[in-house]
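**Q** My structure file final24.cif, mmCIF, C-alpha atoms, is below:
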```cif
data_structure
#
loop_
_atom_site.label_atom_id
_atom_site.label_comp_id
_atom_site.auth_asym_id
_atom_site.auth_seq_id
_atom_site.Cartn_x
_atom_site.Cartn_y
_atom_site.Cartn_z
CA MET J 1446 133.70 100.32 81.53
CA LYS J 1447 130.05 100.01 82.34
CA LEU J 1448 128.59 102.30 84.97
CA GLN J 1449 127.74 100.30 88.06
CA GLY J 1450 127.05 100.84 91.71
CA PRO J 1451 127.69 101.36 94.52
CA ALA J 1452 128.67 104.97 94.01
CA ASP J 1453 130.22 107.47 96.35
CA PHE J 1454 128.55 110.66 95.21
CA CYS J 1455 130.89 113.04 96.98
CA ILE J 1456 134.61 112.87 97.59
CA TYR J 1457 135.97 116.37 98.09
CA PHE J 1458 138.98 117.48 96.07
CA LYS J 1459 141.81 118.59 98.38
CA ASN J 1460 144.99 118.20 96.35
CA VAL J 1461 146.11 115.84 93.60
CA GLU J 1462 147.94 113.29 95.79
CA GLU J 1463 145.38 113.11 98.58
CA THR J 1464 142.47 112.88 96.17
CA LEU J 1465 144.14 110.15 94.14
CA LYS J 1466 144.82 108.15 97.30
CA THR J 1467 141.23 108.58 98.45
CA ILE J 1468 139.86 107.51 95.05
CA ASN J 1469 141.99 104.35 95.01
CA HIS J 1470 140.97 103.60 98.58
CA ALA J 1471 137.30 104.10 97.72
CA PHE J 1472 137.60 101.63 94.84
CA LYS J 1473 139.23 99.10 97.18
CA ILE J 1474 136.53 99.31 99.85
CA GLY J 1475 133.77 98.52 97.40
CA PHE J 1476 132.75 101.55 95.35
CA ASN J 1477 132.56 101.18 91.58
CA THR J 1478 131.70 104.76 90.70
CA ILE J 1479 133.09 107.90 92.28
CA VAL J 1480 132.22 111.56 91.96
CA ILE J 1481 134.93 114.10 92.81
CA SER J 1482 133.43 117.24 94.24
CA LEU J 1483 134.87 120.73 93.78
CA THR J 1484 133.53 123.31 96.18
CA PHE J 1485 132.59 126.77 94.94
CA LYS J 1486 131.95 129.46 97.55
CA GLU J 1487 130.79 133.03 97.13
CA GLU J 1488 134.02 134.53 98.48
CA ASP J 1489 136.28 132.29 96.35
CA ASP J 1490 138.13 133.58 93.34
CA LEU J 1491 136.84 131.98 90.16
CA LYS J 1492 140.34 131.82 88.58
CA ASN J 1493 141.70 129.62 91.40
CA LEU J 1494 138.70 127.40 91.08
CA ILE J 1495 139.20 126.99 87.36
CA SER J 1496 142.80 125.87 87.99
CA LYS J 1497 141.44 123.35 90.49
CA VAL J 1498 139.05 122.07 87.85
CA HIS J 1499 141.95 121.61 85.43
CA GLU J 1500 143.91 119.71 88.10
CA ALA J 1501 140.98 117.39 88.78
CA LYS J 1502 140.45 116.79 85.08
CA SER J 1503 144.15 116.10 84.62
CA ILE J 1504 144.05 113.39 87.31
CA ILE J 1505 141.24 111.61 85.52
CA LYS J 1506 143.02 111.88 82.17
CA LYS J 1507 146.54 111.06 83.39
CA TYR J 1508 145.67 108.00 85.44
CA ASN J 1509 142.94 106.92 83.04
CA LEU J 1510 140.41 106.66 85.84
CA GLU J 1511 137.20 105.06 84.68
CA ASN J 1512 133.89 105.73 86.33
CA VAL J 1513 135.19 108.87 88.00
CA PHE J 1514 133.08 111.98 87.45
CA LEU J 1515 133.35 115.64 88.32
CA ARG J 1516 130.86 117.58 90.31
CA ALA J 1517 130.51 121.24 91.20
CA HIS J 1518 129.35 121.86 94.74
CA LEU J 1519 127.99 125.38 95.13
CA ILE J 1520 127.73 126.90 98.61
CA GLY J 1521 126.16 130.31 98.74
CA SER J 1522 123.35 132.53 99.90
CA SER J 1523 122.81 134.92 96.99
CA ILE J 1524 120.52 133.94 94.14
CA SER J 1525 122.37 136.16 91.63
CA TRP J 1526 125.67 134.45 92.52
CA PHE J 1527 124.06 131.06 91.97
CA LYS J 1528 122.73 132.17 88.57
CA ASN J 1529 126.07 133.63 87.53
CA CYS J 1530 127.97 130.57 88.65
CA LEU J 1531 125.60 128.14 86.98
CA ARG J 1532 125.83 130.03 83.68
CA LYS J 1533 129.63 129.72 83.70
CA ILE J 1534 130.24 126.23 85.01
CA ARG J 1535 127.24 124.07 84.18
CA TYR J 1536 128.67 122.45 81.08
CA SER J 1537 132.12 121.65 82.52
CA PHE J 1538 130.77 119.26 85.16
CA HIS J 1539 128.88 116.01 85.14
CA VAL J 1540 126.87 116.90 88.22
CA VAL J 1541 125.99 120.18 89.90
CA SER J 1542 124.94 120.25 93.52
CA ALA J 1543 124.01 123.11 95.80
CA LYS J 1544 124.14 123.80 99.49
CA PRO J 1545 122.09 126.96 99.98
CA LEU J 1546 122.56 129.02 103.11
CA THR J 1547 119.36 131.06 103.04
CA VAL J 1548 115.71 130.18 102.57
CA ASP J 1549 115.46 132.22 99.35
CA SER J 1550 118.41 130.43 97.80
CA LEU J 1551 117.01 127.10 99.00
CA ARG J 1552 113.78 127.78 97.12
CA PHE J 1553 115.71 128.97 94.07
CA THR J 1554 117.86 125.83 93.99
CA GLY J 1555 114.69 123.81 94.29
CA ARG J 1556 113.30 125.54 91.16
CA ASP J 1557 116.36 125.74 88.92
CA ARG J 1558 116.71 122.82 86.52
CA ARG J 1559 120.49 123.19 86.12
CA ILE J 1560 121.03 121.95 89.67
CA ASP J 1561 120.77 118.19 90.08
CA VAL J 1562 121.15 117.69 93.79
CA ILE J 1563 120.41 119.70 96.93
CA VAL J 1564 122.54 118.87 99.93
CA TYR J 1565 120.73 118.56 103.23
CA GLU J 1566 121.63 121.45 105.53
CA ASN J 1567 121.94 120.51 109.15
CA LYS J 1568 122.14 123.80 111.02
CA ASN J 1569 119.55 126.46 110.32
CA LEU J 1570 117.69 125.40 107.23
CA SER J 1571 116.74 121.87 108.27
CA ARG J 1572 113.20 122.91 109.14
CA PHE J 1573 112.71 124.45 105.70
CA PHE J 1574 113.04 121.06 103.99
CA GLY J 1575 109.30 120.80 104.33
CA LYS J 1576 106.39 119.89 102.08
CA SER J 1577 106.69 122.92 99.80
CA GLN J 1578 110.41 122.35 99.24
CA MET J 1579 109.73 118.69 98.45
CA ARG J 1580 107.02 119.68 95.96
CA LEU J 1581 109.47 122.06 94.24
CA MET J 1582 112.13 119.38 94.12
CA LYS J 1583 109.74 116.82 92.75
CA ASN J 1584 108.65 119.13 89.91
CA THR J 1585 112.24 119.65 88.79
CA GLU J 1586 113.37 116.02 89.42
CA LYS J 1587 115.95 116.94 92.04
CA ALA J 1588 117.56 114.58 94.49
CA LEU J 1589 118.19 115.17 98.17
CA GLU J 1590 121.73 114.39 99.23
CA ILE J 1591 122.86 113.52 102.73
CA GLN J 1592 126.59 113.77 103.31
CA PHE J 1593 127.64 111.52 106.15
CA ASN J 1594 130.66 113.48 107.36
CA SER J 1595 129.24 116.97 107.15
CA LEU J 1596 126.12 115.93 109.09
CA TRP J 1597 128.02 115.74 112.36
CA SER J 1598 129.75 119.12 112.18
CA SER J 1599 127.54 120.62 114.90
CA SER J 1600 127.44 119.30 118.45
CA ASN J 1601 123.66 119.01 118.79
CA TYR J 1602 122.95 115.50 117.49
CA LYS J 1603 119.55 115.24 119.16
CA GLY J 1604 117.94 117.88 116.99
CA LEU J 1605 119.79 116.57 113.97
CA ILE J 1606 118.40 113.05 114.29
CA PHE J 1607 114.87 114.39 114.83
CA ASN J 1608 114.98 116.75 111.84
CA LEU J 1609 116.74 114.24 109.59
CA ARG J 1610 114.16 111.55 110.31
CA LYS J 1611 111.36 114.03 109.55
CA THR J 1612 112.96 115.13 106.29
CA LEU J 1613 113.64 111.56 105.23
CA SER J 1614 110.08 110.46 105.85
CA LEU J 1615 108.80 113.47 103.90
CA ALA J 1616 111.16 112.73 101.03
CA VAL J 1617 110.21 109.06 100.90
CA ARG J 1618 106.49 109.93 101.03
CA SER J 1619 106.77 112.49 98.23
CA ASN J 1620 108.98 110.26 96.01
CA ILE J 1621 112.08 112.44 96.16
CA PRO J 1622 115.19 110.42 95.34
CA ILE J 1623 117.61 110.32 98.26
CA ILE J 1624 121.37 109.97 97.87
CA VAL J 1625 123.74 109.17 100.70
CA SER J 1626 127.38 110.05 100.15
CA SER J 1627 130.43 110.01 102.38
CA GLY J 1628 131.54 113.62 101.87
CA ALA J 1629 135.08 112.42 102.54
CA SER J 1630 138.17 114.45 101.84
CA SER J 1631 140.85 112.06 103.05
CA LEU J 1632 141.52 108.43 103.92
CA SER J 1633 140.62 109.02 107.53
CA ASN J 1634 136.98 109.77 106.94
CA ILE J 1635 135.97 107.63 104.00
CA LYS J 1636 133.05 105.26 104.51
CA THR J 1637 132.09 101.94 102.94
CA PRO J 1638 128.78 101.55 101.04
CA TYR J 1639 127.33 99.46 103.88
CA GLN J 1640 128.22 102.16 106.39
CA LEU J 1641 126.43 104.76 104.29
CA MET J 1642 123.38 102.52 104.05
CA SER J 1643 123.41 101.94 107.79
CA LEU J 1644 122.71 105.64 108.38
CA LEU J 1645 119.32 105.27 106.73
CA THR J 1646 118.48 101.86 108.20
CA VAL J 1647 119.23 103.15 111.69
CA LEU J 1648 116.84 106.05 111.05
CA GLY J 1649 114.06 103.66 110.04
CA VAL J 1650 114.27 103.57 106.25
CA SER J 1651 113.83 100.07 104.83
CA TYR J 1652 116.89 98.12 103.71
CA PRO J 1653 115.93 97.86 99.98
CA TYR J 1654 115.36 101.62 99.79
CA ALA J 1655 118.65 102.29 101.58
CA LYS J 1656 120.36 100.12 99.00
CA LEU J 1657 118.95 102.27 96.18
CA THR J 1658 120.38 105.45 97.75
CA VAL J 1659 123.98 104.34 97.23
CA SER J 1660 123.62 102.59 93.90
CA THR J 1661 120.67 103.12 91.57
CA ILE J 1662 119.75 106.73 92.37
CA PRO J 1663 123.25 108.30 92.09
CA LEU J 1664 123.89 106.32 88.92
CA SER J 1665 120.65 107.53 87.37
CA VAL J 1666 121.62 111.16 88.10
CA ILE J 1667 125.03 110.63 86.49
CA LYS J 1668 123.53 108.87 83.45
CA ARG J 1669 120.97 111.65 82.97
CA ASN J 1670 123.72 114.26 82.99
CA ILE J 1671 126.00 112.29 80.67
CA HIS J 1672 123.10 112.24 78.23
CA ARG J 1673 122.50 115.96 78.73
CA LEU J 1674 126.14 116.79 78.02
CA SER J 1675 126.29 114.58 74.93
CA LYS J 1676 125.97 116.03 71.42
CA LYS J 1677 122.79 114.09 70.79
CA HIS J 1678 120.88 116.07 73.35
CA VAL J 1679 119.15 119.23 72.14
CA GLU J 1680 116.56 119.95 74.80
CA THR J 1681 114.58 117.99 77.34
CA GLY J 1682 112.65 115.49 75.25
CA VAL J 1683 114.40 116.46 72.01
CA ASP J 1684 117.31 114.27 70.88
CA ILE J 1685 119.16 113.76 67.60
CA VAL J 1686 118.71 110.14 66.57
CA MET K 729 76.95 81.55 111.48
CA ASN K 730 77.35 83.12 114.89
CA VAL K 731 76.41 80.90 117.87
CA LEU K 732 74.48 83.70 119.55
CA SER K 733 72.28 84.37 116.52
CA LEU K 734 71.61 80.62 116.15
CA PHE K 735 70.60 80.49 119.79
CA ILE K 736 68.25 83.48 119.42
CA ALA K 737 66.63 81.94 116.32
CA LEU K 738 66.06 78.63 118.14
CA LEU K 739 64.65 80.45 121.16
CA ILE K 740 62.20 82.38 118.96
CA VAL K 741 61.01 79.14 117.33
CA GLU K 742 60.52 77.48 120.70
CA LEU K 743 58.70 80.45 122.21
CA THR K 744 56.45 80.57 119.13
CA PHE K 745 55.70 76.87 119.68
CA ILE K 746 54.77 77.49 123.34
CA MET K 747 52.63 80.50 122.40
CA ALA K 748 50.87 78.47 119.70
CA THR K 749 50.04 75.63 122.14
CA THR K 750 48.79 78.18 124.69
CA SER K 751 46.54 79.86 122.12
CA LEU K 752 45.22 76.43 121.00
CA PHE K 753 44.43 75.61 124.62
CA ILE K 754 42.63 78.97 125.15
CA PHE K 755 40.43 78.34 122.08
CA ASN K 756 39.74 74.80 123.37
CA ALA K 757 41.38 73.08 120.43
CA ILE K 758 43.44 70.81 122.70
CA GLU K 759 42.82 69.21 126.06
CA LEU K 760 44.62 70.15 129.32
CA PRO K 761 46.90 67.04 129.53
CA VAL K 762 48.04 67.49 125.93
CA PHE K 763 48.70 71.21 126.53
CA ALA K 764 50.63 70.43 129.74
CA THR K 765 52.76 67.79 127.98
CA LEU K 766 53.52 70.10 125.03
CA THR K 767 54.39 73.04 127.31
CA ILE K 768 56.73 70.92 129.44
CA LEU K 769 58.34 69.56 126.28
CA GLY K 770 58.79 73.08 124.95
CA LEU K 771 60.36 74.28 128.22
CA ILE K 772 62.73 71.28 128.29
CA VAL K 773 63.85 72.11 124.74
CA VAL K 774 64.41 75.77 125.75
CA ILE K 775 66.56 74.70 128.73
CA LEU K 776 68.51 72.27 126.52
CA THR K 777 69.15 74.97 123.93
CA PHE K 778 70.38 77.36 126.62
CA THR K 779 72.74 74.73 128.07
CA LEU K 780 74.09 73.88 124.62
CA PHE K 781 74.65 77.58 123.90
CA LYS K 782 76.64 77.99 127.12
CA LEU K 783 78.66 74.87 126.29
CA PHE K 784 79.47 76.08 122.79
CA LYS K 785 80.51 79.45 124.13
CA MET K 786 82.82 77.83 126.65
CA ILE K 787 84.43 75.63 123.99
CA ILE K 788 85.07 78.63 121.72
CA LEU K 789 86.56 80.63 124.61
CA THR K 790 88.82 77.76 125.60
CA ASN K 791 90.04 77.39 122.02
CA LYS K 792 90.80 81.09 121.83
CA ILE K 793 92.76 80.99 125.09
CA LEU K 794 94.67 77.94 123.93
CA LEU K 795 95.59 79.65 120.66
CA ARG K 796 96.78 82.74 122.49
CA VAL K 797 98.88 80.68 124.87
CA LYS K 798 100.39 78.85 121.90
CA GLY K 799 101.25 82.19 120.23
CA GLU K 800 102.83 83.48 123.41
CA LYS K 801 104.82 80.29 123.71
CA VAL K 802 106.14 80.70 120.16
CA LYS K 803 107.09 84.31 120.90
CA LEU K 804 108.79 83.31 124.11
CA LYS K 805 110.63 80.55 122.32
CA GLU K 806 111.90 83.00 119.72
CA ALA K 807 112.98 85.44 122.41
CA LEU K 808 114.73 82.78 124.43
CA ARG K 809 116.39 81.23 121.39
CA LYS K 810 120.12 81.69 121.22
CA PRO K 811 120.62 84.74 118.98
CA ARG K 812 122.51 84.25 115.72
CA LYS K 813 125.83 86.00 115.47
CA ARG K 814 127.65 87.98 112.84
CA TYR K 815 131.38 88.50 112.65
CA ILE K 816 132.49 91.82 111.20
CA VAL K 817 136.04 91.92 109.88
CA PHE K 818 137.40 95.44 110.11
CA GLN K 819 140.55 97.39 109.54
CA VAL K 820 141.67 100.41 111.52
CA VAL K 821 143.14 103.36 109.63
CA SER K 822 145.15 105.69 111.85
CA GLU K 823 148.41 107.60 111.87
CA LYS K 824 149.95 105.59 114.74
CA PRO K 825 149.36 101.87 115.41
CA LEU K 826 146.72 101.17 118.06
CA SER K 827 146.81 98.45 120.69
CA ARG K 828 143.99 95.93 121.29
CA ASP K 829 142.84 97.70 124.45
CA GLU K 830 142.67 101.05 122.70
CA VAL K 831 140.59 99.64 119.83
CA LYS K 832 138.31 97.82 122.28
CA SER K 833 137.72 100.96 124.33
CA ILE K 834 137.02 103.01 121.17
CA ILE K 835 134.46 100.49 119.88
CA ASP K 836 132.75 100.05 123.27
CA GLU K 837 132.56 103.79 123.75
CA LEU K 838 131.18 104.35 120.25
CA ILE K 839 128.41 101.77 120.62
CA LYS K 840 127.47 102.97 124.10
CA GLU K 841 127.45 106.62 123.07
CA THR K 842 125.46 106.00 119.89
CA PHE K 843 122.84 103.54 121.15
CA GLY K 844 122.88 103.93 124.93
CA LEU K 845 122.92 101.34 127.68
CA ILE K 846 119.98 99.26 126.45
CA GLY K 847 121.05 99.43 122.80
CA SER K 848 124.59 98.34 123.55
CA GLY K 849 123.20 95.50 125.66
CA ASN K 850 121.05 94.32 122.77
CA ILE K 851 123.90 94.62 120.27
CA ASN K 852 126.21 92.60 122.54
CA ALA K 853 129.35 93.52 120.60
CA LYS K 854 132.61 91.85 121.49
CA LEU K 855 136.08 92.22 120.04
CA ILE K 856 137.07 88.65 119.24
CA SER K 857 140.54 89.23 117.88
CA TYR K 858 142.78 92.09 116.84
CA ASP K 859 146.13 91.98 115.12
CA GLU K 860 148.23 94.98 116.04
CA ASN K 861 150.61 94.53 113.12
CA ASN K 862 148.18 94.83 110.23
CA MET K 863 145.49 96.56 112.40
CA LYS K 864 142.77 94.16 111.42
CA GLY K 865 140.26 92.64 113.79
CA ILE K 866 137.04 90.68 114.19
CA LEU K 867 134.02 92.06 115.99
CA ARG K 868 131.09 89.86 117.01
CA CYS K 869 127.50 91.12 117.31
CA VAL K 870 123.89 89.93 117.21
CA HIS K 871 122.79 89.40 113.60
CA SER K 872 119.80 91.75 113.73
CA TYR K 873 121.98 94.66 114.90
CA ARG K 874 124.60 94.47 112.16
CA ASP K 875 123.56 97.81 110.67
CA ALA K 876 123.69 99.45 114.07
CA VAL K 877 127.27 98.25 114.57
CA LEU K 878 128.27 99.44 111.09
CA PHE K 879 126.80 102.85 111.86
CA ALA K 880 128.65 103.01 115.18
CA LEU K 881 131.92 102.10 113.42
CA ALA K 882 131.27 104.83 110.86
CA MET K 883 131.05 107.32 113.70
CA ALA K 884 134.64 106.54 114.73
CA SER K 885 136.14 109.19 112.47
CA VAL K 886 133.59 111.76 113.66
CA LYS K 887 134.24 111.12 117.36
CA THR K 888 138.03 111.00 117.08
CA LYS K 889 138.13 114.03 114.76
CA ASP K 890 139.55 112.11 111.77
CA LYS K 891 142.36 110.53 113.77
CA VAL K 892 140.98 106.98 113.68
CA ASN K 893 138.80 105.42 110.99
CA ILE K 894 137.37 101.93 111.26
CA ILE K 895 136.56 100.33 107.92
CA PRO K 896 134.43 97.17 107.92
CA LEU K 897 135.75 94.84 105.24
CA LYS K 898 133.32 91.94 105.34
CA THR K 899 130.55 90.42 107.44
CA THR K 900 130.37 86.65 107.91
CA GLY K 901 128.34 84.13 109.85
CA THR K 902 131.18 81.98 111.12
CA LEU K 903 134.35 82.76 112.98
CA ARG K 904 136.38 80.39 110.82
CA LYS K 905 135.48 82.27 107.66
CA ALA K 906 136.15 85.59 109.38
CA ARG K 907 139.67 84.40 110.30
CA GLU K 908 140.27 83.38 106.68
CA ILE K 909 139.17 86.80 105.49
CA VAL K 910 141.51 88.52 107.97
CA LYS K 911 144.39 86.62 106.38
CA THR K 912 143.44 87.30 102.77
CA LEU K 913 141.53 90.59 102.49
CA SER K 914 143.28 93.92 102.84
CA ILE K 915 142.80 97.46 101.61
CA ASP K 916 146.51 98.43 101.71
#
```
Before we go any further, please render this structure as structure tokens.

**A**
Amino acid sequence: MKLQGPADFCIYFKNVEETLKTINHAFKIGFNTIVISLTFKEEDDLKNLISKVHEAKSIIKKYNLENVFLRAHLIGSSISWFKNCLRKIRYSFHVVSAKPLTVDSLRFTGRDRRIDVIVYENKNLSRFFGKSQMRLMKNTEKALEIQFNSLWSSSNYKGLIFNLRKTLSLAVRSNIPIIVSSGASSLSNIKTPYQLMSLLTVLGVSYPYAKLTVSTIPLSVIKRNIHRLSKKHVETGVDIV
Amino acid sequence: MNVLSLFIALLIVELTFIMATTSLFIFNAIELPVFATLTILGLIVVILTFTLFKLFKMIILTNKILLRVKGEKVKLKEALRKPRKRYIVFQVVSEKPLSRDEVKSIIDELIKETFGLIGSGNINAKLISYDENNMKGILRCVHSYRDAVLFALAMASVKTKDKVNIIPLKTTGTLRKAREIVKTLSID
């Protein structure tokens, strides 16, 4: 099946049944491509995570789900942990995203080419998504992801809207691709593509650009990584024809 | 060409004419009656030019005012025009079935909390119908605020801590079509 938008770039993996239900629901409400996200934290045991990966892969294989991709979502503060993790898991996932918890790790994730997407942090690091971070992200062709559900985890919405609008305008001005995903883990918090787009339009981003954030941009990230994982790819700019 | 610059150019020409006649009279090239006639003629032309300039200026000003009034009228007409409507067909996902009043209060609260008193007034959302059996309903809003309503509906799961989720299925321009969609479209 041909890859086509709209795409939900992040549906968190909870358990097999719940995730399968959520995927089917997402297809029904209008998504054509879905990315299942597996969260990796510093304190987690890598063996448990690997079993989770196998479970997620088995769902895709068993139910013959087309246009469903796997993504590793790294949450951490230590640069060495990020490096270690990336070395082990990079080639088992279609997409790798990061949610850094410190400024140093934020800068590192901005520099490292193995990471495709940086998730916007609401709480402490929002002010560090400034010009220098955008420049770093632009050099390494990274996308900025905004997860709808995890945005509202804190109670202070006023600061959130202000910071988010600032970051969005900076990203648009410096040509950083923006992705909006639902960040859903169950049926009760899944969003439709139009609802995801409405977040940006309410914050002042134009409608055509908002449309790109749920269709063209996530698909381009997935396509790039499919090509990277294929046997034809040798290095950036070097392919076997 | 600007009217003012045209007027100044004409005035210079006329003043030069008067000065020339005066200098001719001083050097006795022309007689006194001829000089008097030419000077009076020159002055009459100057007065005429000045009057014409004022008239032109007034006409231009009137035109500008008329255009502005016309623009304001168009704006006022657009503002006073009956706003177009959009009908959003939605489905509620929750553990227990919700009544019409509950859904109405949730939606009203969401829109008011997200966009405030003025925003909710502009949006003018109204729950047209709600079927408690299949938990589907139709919500009416002003067409330019469709995105705002979708955003407010998306906030339902956040506000109710994942207990209630409102999923918009389709947006239409007529109520008849919305009712058809309620009958046919479903995510179950």

**Q** Find, counting only C-alpha atoms, the residue in J:Tyr1639, J:Asn1620, J:Lys1507, J:Lys1656 that gets nearest to Asp875 (chain K).

**A** J:Tyr1639

**Q** What residues in chain J lie within 12 Å of chain K, counting only C-alpha atoms, written as a ChimeraX atom specification?

**A** /J:1466-1467,1469-1475,1593-1600,1602-1603,1606,1627,1629-1652,1655

**Q** Mind pulling up the distance from CA of Pro1663 (chain J) to CA of Asn1509 (chain J)?

**A** 21.7 Å

**Q** Would you compute the distance between CA of Gly1555 (chain J) and CA of Met1582 (chain J)? Give it in Å to one decimal.

**A**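 Computing the Euclidean distance for CA of Gly1555 (chain J) and CA of Met1582 (chain J) yields 5.1 Å.
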
**Q** Place a sphere of radius 7 Å on (125.4, 127.2, 106.0) in the file coordinates and name every protein, DNA or RNA residue with an atom inside or on its surface, counting all atoms listed in the file; give the answer as an NGL selection string.

**A** :J and (1545-1546 or 1566 or 1568)

**Q** Hey, can you spit out that residue selection with C-alpha atoms as a PDB file, in the coordinates of the input?

**A**
```pdb
ATOM      1  CA  PRO J1545     122.090 126.960  99.980  1.00  0.00           C
ATOM      2  CA  LEU J1546     122.560 129.020 103.110  1.00  0.00           C
ATOM      3  CA  GLU J1566     121.630 121.450 105.530  1.00  0.00           C
ATOM      4  CA  LYS J1568     122.140 123.800 111.020  1.00  0.00           C
TER       5      LYS J1568
END
```

**Q** Which of these residues is nearest to Glu837 (chain K), using all atoms listed in the file: K:Asn730, K:Thr750, K:Ser872, K:Thr888?

**A**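 Comparing K:Asn730, K:Thr750, K:Ser872, K:Thr888 against Glu837 (chain K), the winner is K:Thr888.
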
**Q** Show which residues sit within 10 Å of Leu1609 (chain J), as a list in words. Count all atoms listed in the file, and ignore same-chain residues fewer than 3 positions away.

**A**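 My reading of the contact set: Tyr1565, Glu1566, Asn1567, Ser1571, Arg1572, Phe1574, Ile1591, Leu1596, Gly1604, Leu1605, Ile1606, Thr1612, Leu1613, Ser1614, Leu1615, Leu1645 and Leu1648 of chain J.
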
**Q** What separation in Å, quoted to one decimal, exists between CA of Ile816 (chain K) and CA of Glu860 (chain K)?

**A** 16.8 Å

**Q** For Ile1563 (chain J), please output as a VMD selection string all residues within 6 Å (counting all atoms listed in the file; exclusion window: fewer than 4 positions along the same chain).

**A** chain J and resid 1542 to 1543 1589 to 1590

**Q** My list of candidates is K:Leu771, K:Lys832, K:Leu738, K:Val870. Which is closest to Gly849 (chain K) when distances are computed with only C-alpha atoms?

**A**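 Smallest separation from Gly849 (chain K) among the options: K:Val870.
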
**Q** Show me, as JSON, the centre and edge lengths in Å to one decimal of the axis-aligned box that covers every listed atom of region 838-856 of chain K with 5 Å on each side.

**A**
```
{"center_x": 128.5, "center_y": 97.6, "center_z": 123.5, "size_x": 27.1, "size_y": 28.0, "size_z": 18.4}
```

**Q** Using only C-alpha atoms, can you tell me which of J:Leu1531, J:Leu1483, J:Leu1581, J:Val1679 comes closest to Glu1500 (chain J)?

**A** J:Leu1483

**Q** Using all atoms listed in the file, which of J:Leu1674, J:Ala1616, J:Val1564, J:Ile1621 sits nearest Asn1584 (chain J)?

**A**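 For Asn1584 (chain J), the nearest of the candidates is J:Ile1621.
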
**Q** Near Ala764 (chain K), counting all atoms listed in the file, which residues have an atom at most 10 Å away, once you skip same-chain residues fewer than 4 positions from it, shown as a short mmCIF file (atom, residue, chain, number, x, y, z; two decimals) with C-alpha atoms, in the frame of the given file?

**A**
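The resulting file, selection.cif, is reproduced below:
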```cif
data_model
loop_
_atom_site.label_atom_id
_atom_site.label_comp_id
_atom_site.auth_asym_id
_atom_site.auth_seq_id
_atom_site.Cartn_x
_atom_site.Cartn_y
_atom_site.Cartn_z
CA THR K 749 50.04 75.63 122.14
CA THR K 750 48.79 78.18 124.69
CA PHE K 753 44.43 75.61 124.62
CA GLU K 759 42.82 69.21 126.06
CA LEU K 760 44.62 70.15 129.32
CA ILE K 768 56.73 70.92 129.44
CA LEU K 769 58.34 69.56 126.28
CA GLY K 770 58.79 73.08 124.95
#
```

**Q** Nearest residue to Glu1463 (chain J) out of J:Ile1685, J:Ile1504, J:Val1562, J:Ile1667, using only C-alpha atoms?

**A**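 Closest candidate: J:Ile1504.
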
**Q** I'd like to see the residues matched by the PyMOL selection byres ((chain J and resi 1513-1527) around 7) on this file, and ideally I'd get them as JSON, numbers by chain.

**A** {"J": [1478, 1479, 1480, 1481, 1482, 1483, 1484, 1485, 1486, 1487, 1510, 1511, 1512, 1528, 1529, 1530, 1531, 1538, 1539, 1540, 1541, 1542, 1543, 1544, 1545, 1546, 1547, 1550, 1553]}

**Q** Around the point (130.7, 97.4, 86.1), in the coordinates given by the file, pick out the residues reaching within 7 Å, counting all atoms listed in the file, and return them as a list of chain:residue names.

**A**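 All residues meeting the 7 Å criterion around (130.7, 97.4, 86.1) are J:Met1446, J:Lys1447, J:Leu1448, J:Gln1449, J:Asn1477.
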